[in-house]
Structures are given as structure tokens and as C-alpha cells.
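Asks: File follows, start_37.tsv with TSV, C-alpha atoms:
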```tsv
chain	number	residue	atom	x	y	z
A	29	MET	CA	146.34	0.54	101.95
A	30	SER	CA	149.95	1.56	102.18
A	31	PRO	CA	151.47	3.05	105.32
A	32	ARG	CA	153.07	6.45	105.09
A	33	PRO	CA	156.77	6.16	104.20
A	34	ARG	CA	159.01	6.47	107.22
A	35	SER	CA	162.33	8.24	107.13
A	36	SER	CA	165.25	5.99	106.34
A	37	ARG	CA	168.31	5.92	108.49
A	38	SER	CA	171.83	5.47	107.22
A	39	LEU	CA	173.36	2.25	108.40
A	40	ARG	CA	176.90	1.03	108.22
A	41	SER	CA	177.53	-2.03	106.03
A	42	ARG	CA	180.50	-4.23	106.52
A	43	VAL	CA	182.16	-6.70	104.23
A	44	ALA	CA	184.15	-9.28	106.13
A	45	VAL	CA	186.81	-10.56	103.79
A	46	GLY	CA	188.09	-14.08	104.41
A	47	ILE	CA	191.23	-15.72	103.08
A	48	GLY	CA	190.74	-18.61	100.70
A	49	ALA	CA	187.82	-20.96	101.30
A	50	ILE	CA	186.67	-20.39	104.85
A	51	ALA	CA	183.88	-22.48	106.33
A	52	LEU	CA	180.78	-20.49	107.15
A	53	ALA	CA	179.88	-22.76	110.03
A	54	ALA	CA	182.03	-23.02	113.16
A	55	THR	CA	185.24	-23.58	111.21
A	56	PRO	CA	188.35	-21.75	112.47
A	57	ALA	CA	189.49	-18.95	110.20
A	58	LEU	CA	192.97	-18.87	108.77
A	59	ALA	CA	193.32	-15.20	109.62
A	60	ALA	CA	191.19	-12.50	111.17
A	61	PRO	CA	188.98	-10.97	108.47
A	62	ALA	CA	189.28	-7.30	107.69
A	63	ALA	CA	186.19	-5.16	108.07
A	64	VAL	CA	185.67	-2.77	105.18
A	65	ALA	CA	183.10	-0.01	105.50
A	66	SER	CA	180.97	0.45	102.41
A	67	GLU	CA	180.38	3.76	100.69
A	68	PRO	CA	176.99	5.49	100.63
A	69	GLY	CA	174.81	3.57	98.18
A	70	GLN	CA	174.02	5.08	94.83
A	71	HIS	CA	172.54	3.67	91.65
A	72	GLY	CA	175.01	4.96	89.07
A	73	ALA	CA	175.46	8.72	89.42
A	74	ARG	CA	171.99	9.31	90.85
A	75	GLN	CA	171.15	10.44	94.36
A	76	ALA	CA	171.53	8.02	97.22
A	77	PHE	CA	168.70	5.56	97.70
A	78	PRO	CA	167.45	4.86	101.24
A	79	ASP	CA	169.35	2.21	103.20
A	80	ARG	CA	166.15	0.97	104.80
A	81	ILE	CA	162.63	0.68	103.42
A	82	GLU	CA	159.87	0.18	105.95
A	83	LEU	CA	157.17	-2.35	105.10
A	84	PRO	CA	153.65	-2.43	106.54
A	85	ASP	CA	153.47	-3.72	110.11
A	86	ASN	CA	153.10	-7.52	110.29
A	87	PHE	CA	153.73	-7.91	106.54
A	88	GLN	CA	156.16	-10.82	107.17
A	89	PRO	CA	158.23	-10.70	103.94
A	90	GLU	CA	160.30	-13.52	102.49
A	91	GLY	CA	160.98	-13.15	98.76
A	92	ILE	CA	162.07	-10.12	96.73
A	93	THR	CA	162.43	-9.43	93.03
A	94	ILE	CA	163.17	-6.15	91.26
A	95	GLY	CA	161.59	-5.01	88.02
A	96	PRO	CA	161.95	-1.92	85.83
A	97	ARG	CA	162.19	1.61	87.26
A	98	ASP	CA	163.61	0.42	90.58
A	99	GLN	CA	160.36	-1.20	91.66
A	100	ALA	CA	160.74	-4.13	94.06
A	101	TYR	CA	158.07	-6.76	94.66
A	102	LEU	CA	157.68	-8.79	97.84
A	103	GLY	CA	155.30	-11.47	99.05
A	104	SER	CA	153.76	-11.83	102.51
A	105	ARG	CA	154.09	-15.05	104.48
A	106	LEU	CA	151.01	-14.04	106.45
A	107	ASP	CA	148.33	-13.88	103.76
A	108	GLY	CA	150.06	-13.94	100.38
A	109	ASP	CA	149.63	-10.25	99.56
A	110	ILE	CA	152.03	-8.85	96.95
A	111	LEU	CA	153.63	-5.51	97.74
A	112	ARG	CA	155.41	-3.09	95.42
A	113	ALA	CA	158.15	-0.92	96.95
A	114	ASP	CA	159.76	2.05	95.22
A	115	LEU	CA	163.48	1.78	95.98
A	116	ARG	CA	163.97	5.51	95.36
A	117	THR	CA	161.30	6.84	97.71
A	118	GLY	CA	160.51	3.93	100.01
A	119	ARG	CA	156.80	4.14	99.22
A	120	THR	CA	154.93	0.84	99.27
A	121	THR	CA	151.67	-0.25	97.65
A	122	THR	CA	149.76	-3.51	97.88
A	123	ILE	CA	149.15	-4.52	94.27
A	124	SER	CA	147.51	-7.93	94.77
A	125	GLN	CA	145.47	-9.37	97.61
A	126	GLY	CA	146.74	-12.81	98.57
A	127	PRO	CA	144.75	-16.04	98.78
A	128	GLY	CA	145.15	-16.25	102.55
A	129	THR	CA	148.18	-18.54	102.27
A	130	ALA	CA	151.86	-17.64	102.16
A	131	SER	CA	153.77	-16.02	99.33
A	132	VAL	CA	157.49	-16.73	99.64
A	133	GLY	CA	160.07	-16.69	96.81
A	134	LEU	CA	159.11	-14.84	93.64
A	135	LYS	CA	160.60	-13.64	90.35
A	136	ILE	CA	159.48	-11.20	87.67
A	137	ASP	CA	159.84	-11.98	83.97
A	138	GLN	CA	160.34	-9.67	80.99
A	139	ARG	CA	156.57	-9.51	80.48
A	140	GLY	CA	155.98	-8.14	83.94
A	141	ARG	CA	154.57	-11.37	85.34
A	142	LEU	CA	155.37	-12.42	88.88
A	143	PHE	CA	155.86	-16.13	89.54
A	144	VAL	CA	155.12	-16.58	93.23
A	145	ALA	CA	155.93	-19.67	95.32
A	146	GLY	CA	153.16	-20.58	97.75
A	147	GLY	CA	155.07	-22.33	100.52
A	148	PRO	CA	152.98	-24.99	102.35
A	149	SER	CA	150.04	-24.57	99.94
A	150	GLY	CA	152.12	-26.35	97.28
A	151	THR	CA	151.16	-23.77	94.67
A	152	LEU	CA	152.81	-21.45	92.18
A	153	ARG	CA	150.81	-18.33	91.31
A	154	VAL	CA	151.32	-16.08	88.31
A	155	VAL	CA	150.39	-12.45	88.98
A	156	ASP	CA	150.41	-9.43	86.66
A	157	SER	CA	152.75	-6.91	88.30
A	158	ARG	CA	150.95	-3.97	86.68
A	159	SER	CA	147.32	-4.76	87.48
A	160	GLY	CA	147.77	-7.26	90.29
A	161	ALA	CA	145.48	-9.69	88.47
A	162	LEU	CA	145.91	-13.40	89.13
A	163	LEU	CA	146.75	-15.00	85.78
A	164	ARG	CA	147.13	-18.65	86.76
A	165	THR	CA	147.58	-20.94	89.76
A	166	TYR	CA	149.49	-24.20	89.48
A	167	GLN	CA	149.04	-26.89	92.12
A	168	LEU	CA	152.56	-28.31	92.13
A	169	ALA	CA	152.25	-30.62	95.12
A	170	THR	CA	149.86	-31.78	97.84
A	171	GLY	CA	150.53	-33.13	101.30
A	172	GLU	CA	153.94	-32.47	102.84
A	173	SER	CA	155.34	-29.68	100.67
A	174	PHE	CA	156.93	-26.24	100.91
A	175	VAL	CA	157.20	-24.60	97.50
A	176	ASN	CA	159.95	-22.15	98.30
A	177	ASP	CA	161.93	-20.30	95.64
A	178	VAL	CA	161.77	-19.46	91.95
A	179	LEU	CA	164.23	-19.06	89.08
A	180	ILE	CA	163.50	-17.89	85.54
A	181	SER	CA	166.16	-19.21	83.16
A	182	GLY	CA	165.50	-18.64	79.49
A	183	ASP	CA	162.02	-19.95	78.71
A	184	THR	CA	161.83	-22.14	81.80
A	185	VAL	CA	160.56	-21.34	85.29
A	186	TRP	CA	162.12	-23.49	88.01
A	187	VAL	CA	160.72	-23.93	91.51
A	188	THR	CA	162.18	-25.61	94.60
A	189	ASP	CA	160.24	-27.68	97.14
A	190	SER	CA	162.00	-27.65	100.49
A	191	ARG	CA	160.17	-30.70	101.82
A	192	ARG	CA	160.73	-32.94	98.80
A	193	ALA	CA	163.76	-33.94	96.75
A	194	THR	CA	162.05	-32.48	93.71
A	195	LEU	CA	162.22	-29.45	91.46
A	196	PHE	CA	159.29	-28.29	89.35
A	197	ARG	CA	159.57	-26.71	85.92
A	198	LEU	CA	157.23	-24.68	83.75
A	199	ASP	CA	158.20	-24.62	80.10
A	200	LEU	CA	156.89	-21.39	78.63
A	201	GLY	CA	155.51	-21.52	75.13
A	202	ARG	CA	155.77	-19.19	72.19
A	203	GLY	CA	155.58	-15.57	73.27
A	204	GLY	CA	155.88	-16.66	76.88
A	205	ALA	CA	152.59	-18.57	76.85
A	206	LEU	CA	151.86	-20.27	80.16
A	207	PRO	CA	151.73	-24.07	79.99
A	208	ALA	CA	148.80	-26.14	81.17
A	209	ALA	CA	150.81	-27.82	83.92
A	210	ALA	CA	154.23	-28.07	85.53
A	211	THR	CA	156.61	-31.03	85.37
A	212	ALA	CA	158.32	-32.60	88.38
A	213	LEU	CA	162.05	-33.39	88.30
A	214	PRO	CA	163.24	-35.69	91.13
A	215	LEU	CA	166.71	-34.95	92.52
A	216	THR	CA	169.17	-37.85	92.54
A	217	GLY	CA	172.91	-38.34	92.98
A	218	ASP	CA	174.66	-36.48	95.82
A	219	TRP	CA	171.53	-34.73	97.04
A	220	VAL	CA	170.75	-35.29	100.74
A	221	GLN	CA	167.10	-34.80	101.62
A	222	ALA	CA	166.33	-33.48	105.10
A	223	PRO	CA	164.16	-35.40	107.59
A	224	PRO	CA	160.38	-34.86	107.36
A	225	GLY	CA	159.34	-31.41	108.52
A	226	THR	CA	162.76	-29.89	107.78
A	227	ASN	CA	163.61	-27.65	104.82
A	228	ALA	CA	166.24	-28.77	102.31
A	229	ALA	CA	166.10	-27.33	98.76
A	230	ASN	CA	165.85	-23.57	99.04
A	231	GLY	CA	167.45	-20.88	96.85
A	232	ILE	CA	168.02	-21.66	93.18
A	233	SER	CA	170.12	-20.16	90.40
A	234	ASP	CA	171.54	-21.26	87.07
A	235	THR	CA	175.15	-21.58	85.95
A	236	PRO	CA	176.68	-18.82	83.79
A	237	ASP	CA	176.18	-20.79	80.58
A	238	GLY	CA	172.66	-21.88	81.55
A	239	SER	CA	173.49	-25.57	81.19
A	240	ALA	CA	172.88	-26.49	84.83
A	241	LEU	CA	171.17	-25.34	88.00
A	242	LEU	CA	172.57	-24.48	91.42
A	243	VAL	CA	170.48	-25.25	94.50
A	244	VAL	CA	171.40	-24.58	98.12
A	245	ASN	CA	170.41	-27.14	100.76
A	246	SER	CA	169.35	-25.36	103.95
A	247	SER	CA	169.69	-28.54	105.97
A	248	ASP	CA	173.25	-29.65	105.21
A	249	GLY	CA	174.67	-26.31	103.99
A	250	GLY	CA	175.66	-27.77	100.64
A	251	LEU	CA	175.52	-26.16	97.21
A	252	TYR	CA	174.48	-28.63	94.52
A	253	ARG	CA	174.85	-28.56	90.76
A	254	VAL	CA	171.78	-30.08	89.07
A	255	ASP	CA	171.47	-31.49	85.57
A	256	PRO	CA	168.16	-29.98	84.38
A	257	ARG	CA	167.49	-32.91	82.07
A	258	THR	CA	167.95	-35.78	84.51
A	259	GLY	CA	167.88	-34.30	88.02
A	260	ALA	CA	171.30	-35.79	88.79
A	261	THR	CA	173.11	-33.70	91.40
A	262	THR	CA	176.74	-33.16	92.30
A	263	ARG	CA	177.80	-31.31	95.42
A	264	VAL	CA	179.86	-28.23	94.56
A	265	ASP	CA	183.28	-28.30	96.25
A	266	LEU	CA	183.56	-25.12	98.30
A	267	GLY	CA	186.90	-26.04	99.80
A	268	GLY	CA	185.46	-26.86	103.20
A	269	ALA	CA	183.03	-23.94	103.39
A	270	THR	CA	179.38	-24.63	104.07
A	271	LEU	CA	176.40	-22.42	103.36
A	272	THR	CA	174.79	-22.96	106.75
A	273	ASN	CA	171.17	-21.71	106.81
A	274	GLY	CA	171.41	-21.09	103.07
A	275	ASP	CA	168.39	-19.30	101.63
A	276	GLY	CA	168.08	-17.07	98.56
A	277	LEU	CA	170.69	-17.13	95.78
A	278	LEU	CA	171.74	-14.46	93.29
A	279	ARG	CA	174.32	-15.15	90.59
A	280	GLU	CA	176.10	-12.47	88.58
A	281	GLY	CA	178.65	-13.92	86.21
A	282	ARG	CA	180.73	-16.30	88.30
A	283	THR	CA	179.92	-14.51	91.54
A	284	LEU	CA	177.25	-16.23	93.61
A	285	TYR	CA	175.59	-14.48	96.54
A	286	ALA	CA	174.06	-16.87	99.08
A	287	VAL	CA	171.93	-15.47	101.90
A	288	GLN	CA	172.47	-17.23	105.24
A	289	ASN	CA	169.32	-16.17	106.99
A	290	ARG	CA	169.78	-16.92	110.70
A	291	LEU	CA	173.49	-16.06	110.50
A	292	ASN	CA	172.55	-12.56	109.31
A	293	GLN	CA	175.06	-12.60	106.48
A	294	VAL	CA	175.54	-13.13	102.76
A	295	ALA	CA	178.28	-15.42	101.47
A	296	VAL	CA	180.06	-14.24	98.31
A	297	VAL	CA	181.33	-17.27	96.38
A	298	GLN	CA	183.51	-17.25	93.26
A	299	LEU	CA	182.55	-20.18	91.04
A	300	SER	CA	185.11	-22.11	89.01
A	301	ARG	CA	184.94	-22.17	85.22
A	302	ASP	CA	183.18	-25.54	85.23
A	303	ASP	CA	180.87	-24.55	88.14
A	304	ARG	CA	181.83	-27.69	90.06
A	305	SER	CA	183.83	-25.87	92.71
A	306	GLY	CA	183.95	-22.46	94.28
A	307	THR	CA	185.82	-20.27	96.75
A	308	LEU	CA	184.32	-18.19	99.51
A	309	ARG	CA	185.67	-14.69	98.85
A	310	SER	CA	183.88	-12.68	101.53
A	311	THR	CA	180.79	-12.32	103.66
A	312	ILE	CA	178.50	-9.31	103.79
A	313	THR	CA	177.02	-8.29	107.13
A	314	ASN	CA	175.00	-5.30	108.24
A	315	ASP	CA	173.74	-4.02	111.58
A	316	ASP	CA	170.25	-3.79	110.07
A	317	PHE	CA	169.97	-7.48	109.17
A	318	ASP	CA	167.36	-9.43	111.14
A	319	VAL	CA	167.14	-12.83	109.45
A	320	PRO	CA	167.37	-11.72	105.80
A	321	THR	CA	166.05	-14.36	103.44
A	322	THR	CA	166.42	-13.43	99.77
A	323	ILE	CA	168.43	-11.00	97.66
A	324	ALA	CA	168.04	-8.91	94.52
A	325	ARG	CA	170.18	-6.28	92.85
A	326	ALA	CA	169.48	-2.81	91.44
A	327	GLY	CA	172.40	-0.71	90.22
A	328	ARG	CA	175.25	-0.91	92.71
A	329	SER	CA	173.02	-2.03	95.55
A	330	LEU	CA	171.79	-5.33	96.95
A	331	TYR	CA	168.38	-5.49	98.63
A	332	LEU	CA	167.33	-8.02	101.26
A	333	PRO	CA	164.00	-8.33	103.10
A	334	ASN	CA	164.24	-9.21	106.79
A	335	ALA	CA	161.92	-12.06	107.72
A	336	ARG	CA	162.66	-11.79	111.47
A	337	PHE	CA	161.95	-15.50	112.05
A	338	SER	CA	163.21	-15.15	115.63
A	339	THR	CA	160.65	-12.46	116.47
A	340	PRO	CA	157.09	-13.63	117.24
A	341	PRO	CA	154.82	-11.73	114.82
A	342	THR	CA	152.14	-9.41	116.17
A	343	PRO	CA	149.87	-6.90	114.42
A	344	THR	CA	152.45	-4.19	115.15
A	345	THR	CA	155.69	-6.08	114.42
A	346	GLU	CA	157.90	-4.05	112.09
A	347	TYR	CA	159.50	-5.42	108.92
A	348	TRP	CA	161.82	-3.78	106.42
A	349	ILE	CA	164.15	-4.12	103.44
A	350	THR	CA	167.86	-3.50	103.96
A	351	ARG	CA	170.03	-1.99	101.21
A	352	VAL	CA	173.76	-2.79	101.16
A	353	ASP	CA	176.50	-1.92	98.69
A	354	ALA	CA	177.48	-4.67	96.29
A	355	PRO	CA	181.17	-5.57	96.68
A	356	ARG	CA	183.45	-3.57	94.42
A	357	GLY	CA	184.39	-5.18	91.16
A	358	ARG	CA	181.23	-7.26	91.07
```
Mind converting the file's structure to C-alpha cells?

Replies:
Amino acid sequence: MSPRPRSSRSLRSRVAVGIGAIALAATPALAAPAAVASEPGQHGARQAFPDRIELPDNFQPEGITIGPRDQAYLGSRLDGDILRADLRTGRTTTISQGPGTASVGLKIDQRGRLFVAGGPSGTLRVVDSRSGALLRTYQLATGESFVNDVLISGDTVWVTDSRRATLFRLDLGRGGALPAAATALPLTGDWVQAPPGTNAANGISDTPDGSALLVVNSSDGGLYRVDPRTGATTRVDLGGATLTNGDGLLREGRTLYAVQNRLNQVAVVQLSRDDRSGTLRSTITNDDFDVPTTIARAGRSLYLPNARFSTPPTPTTEYWITRVDAPRGR
């Protein structure tokens, strides 16, 4: 059952613009950043979309993906339910009952299938976004595991495991046919795995030409370029900047958005032509952020669910999606 939509309130977004490559941790800035107020959000020339979308109480969101007709999909860390949210009206509907374990990162493909990371269950579920039917469950790992985020790149689905130095891949067959099993790809090279019980590999993207992957390490704040054939990693040179508390990634061209969850901000990084270095161009903040985790785009807007990790969940704890304007020119 969906709660009645609540009225949205207009919130002020700010883009803090840094100079050059500025560290996102406690690194002194070269100059005081300028705060730029964003304009009211619109998708093209249409009416303004709400700045805040209320989710059901105690939903505990983590991942977000946006499909056709401005429909967003989110998973619940509490029980794995999948929720659809209309970005125009703010109405929400539960489309799939979860298995009782977490749903975290997720992505939708061109066939309307949701690939949903299962966190500590070590699973990847495939759910029909139209009917909510469970199409397949893959057991990627057992034991110490946290299957965290998902990327669809071409005919391959990539999944991170925050507790292991491993990526998983699903190679889709003809017509998008689901494979019988996933393949593990160990990470080597520069990659630094976090101590047991600590998250490392988190958000994942691909490079503009699709030849490599980009993975953020929540533990050391590094961004790593991964060879998808061998698993060899090289740390991307961000000129001294670190993606502290790095979570979800979104790449558009050579612009990479990296959510820094507990810092309540999004780093905007300009990648070099060879994707081996990058420059921090700005950070996006918003008064409505409360530990945002992942990010997706629709029109001129970016949408982020607030996981509120610092707030003990109760049956009446509120959760929401925050809409912010995408930086101009991107």
C-alpha cells in the first residue's frame, strides 16, 4: 500500500565551486568556494517537478534508478521491497514484495528489468519493473559479502561487492537473455581492500568509451580504473582530492558525479581524455540531504535518496528523495 503523497517543499540547492583539484577530505582549500543558488528545477520546458518526494515511513532507501516516463525505482534496505515513484507527482507504489533481505543498488535495462543488489545476502535479483515479478535470483557470494551496486554497460551487468576485492559480471545473451550464472573478477593492482567488516568497492560506472570500469572505494576515498578483462586496477589521479565516503556514481560524458554519503554532498569530477586522471570541478550540497547514497538523472535534475544512516530507524522514521538541479553545461 502506498501512502498518500505529501506536499513537496521548495528547497534551496547550492553548488560549491572549488578551484582546481581540491581534496574532499580535510584538505585546505586554495580559495573560498562561491555558493551559487540553483534555479527552480524543470525537465525541459515542462512544469516544475517536486524538490522532495516522500517515501513510505521506515522504507530505508539506498539505490535509485530512473526508467521511462519519469518513473524512479528504489529498493528497501529493510525488507527488499521495490518501490516505484512518479517524479512528476510524487506518488509511490510498491511494485514488488522483497525477500525479507535488503535491496540496495539497482539499475533498469532497456527491457524494463531491474537488476537489484542484495547487500549482505550476496544475491542479485532480476525483477520485472512492470509486473513486479521476480525473474531470476543469482547467488553471487556466500559468507562475508555485501553486494552493493550495479552497472549495466552494453550487454554486461557489473556488480560490486564491498566486502571482497571482487566484481561480478553477468554476460547477457542474444536478445538480453539472462545467463545461467555470474562470473567473478578479482581486483588486483592498485586496489586496496578494506579490513574485514568494512566496505570498500561501492559505486561503479564505465568510462566514456566503455573500455574500462570506474569503481569508488568507500574506505580509502580512491577512484579506481578497472580493466574488465583482467581485473587490474589503477588509481585515478584526482590531483590530491579524495572521494571520502564515496557511494553511488553517475557518469555523463566526461563528467562523473560521486555521492559522498555522510558528507552530504556530491563531487563533480571532470575526467581526462584517457580516464586516468580527473579534476574536482565542484561539489553539490543541499539543505535537504540526510546521508544521500546514490544518484540518477532525469531531464535537468538529479535525484538522490536519503538513507539517513545516522538516524536510528523506527516504524515512523521518514525517508525521502531529494531533487537538485544538474550543474549548468552538463

Asks: Kindly indicate which residue among A:Gly259, A:Pro148, A:Pro333, A:Pro224 lies nearest to A:Asp79, using only C-alpha atoms for the distances.

Replies: A:Pro333

Asks: Calculated over only C-alpha atoms, which of the candidates A:Asp275, A:Asp114, A:Asp218, A:Asp177 has the smallest distance to A:Val144?

Replies: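 When distances to A:Val144 are compared using only C-alpha atoms, the smallest one comes from A:Asp177.
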
Asks: Restricting the calculation to only C-alpha atoms, which member of A:Thr170, A:Asp107, A:Arg192, A:Asn334 is positioned closest to A:Glu346?

Replies: A:Asn334

Asks: In Å to one decimal, how far is atom CA of A:Leu198 from atom CA of A:Val185?

Replies: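 About the pair atom CA of A:Val185 and atom CA of A:Leu198: they are 5.0 Å apart.
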
Asks: Kindly indicate which residue among A:Pro320, A:Gly147, A:Pro236, A:Gly274 lies nearest to A:Val178, using only C-alpha atoms for the distances.

Replies: A:Gly147

Asks: Between A:Gly133, A:Gly95, A:Pro355, A:Gly140, which one has atoms that come closest to A:Leu115, using all atoms listed in the file?

Replies: A:Gly95

Asks: Between atom CA of A:Arg153 and atom CA of A:Gln293, what is the distance in Å, rounded to a tenth?

Replies: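 Computing it gives 29.2 Å between the two atoms.
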
Asks: To one decimal place in Å, what is the distance between atom CA of A:Gly91 and atom CA of A:Gly103?

Replies: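 The value is 5.9 Å.
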
Asks: Just checking: using only C-alpha atoms, which residue out of A:Leu291, A:Ile349, A:Leu278, A:Leu215 ends up closest to A:Arg325?

Replies: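 Answer, going by the shortest atom-to-atom distance: A:Leu278.
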
Asks: If you count all atoms listed in the file, which residues fall within 12 Å of A:Ser104, apart from same-chain ones fewer than 2 positions away, as an MDAnalysis selection string?

Replies: chainID A and resid 83:92 101:102 106:112 122:134 144:147 333:335 347

Asks: Residues proximal to (180.9, -26.4, 93.2) were defined as those with any atom within 12 Å of that point in the file's coordinates, counting only C-alpha atoms. Which are they, as an NGL selection string?

Replies: :A and (49 or 235 or 240-244 or 250-254 or 261-271 or 282 or 284 or 297-308)

Asks: Skip A:Arg290 itself and residues of its chain fewer than 3 positions away, then list as a PyMOL selection string all residues within 9 Å of it, counting only C-alpha atoms.

Replies: chain A and resi 272-274+293+318-321+336-338

Asks: For the residues in that selection, give me C-alpha atoms as a JSON list (two decimals), in the frame of the given file.

Replies:
```json
[["chain", "number", "residue", "atom", "x", "y", "z"],
["A", 272, "THR", "CA", 174.79, -22.96, 106.75],
["A", 273, "ASN", "CA", 171.17, -21.71, 106.81],
["A", 274, "GLY", "CA", 171.41, -21.09, 103.07],
["A", 293, "GLN", "CA", 175.06, -12.60, 106.48],
["A", 318, "ASP", "CA", 167.36, -9.43, 111.14],
["A", 319, "VAL", "CA", 167.14, -12.83, 109.45],
["A", 320, "PRO", "CA", 167.37, -11.72, 105.80],
["A", 321, "THR", "CA", 166.05, -14.36, 103.44],
["A", 336, "ARG", "CA", 162.66, -11.79, 111.47],
["A", 337, "PHE", "CA", 161.95, -15.50, 112.05],
["A", 338, "SER", "CA", 163.21, -15.15, 115.63]]
```
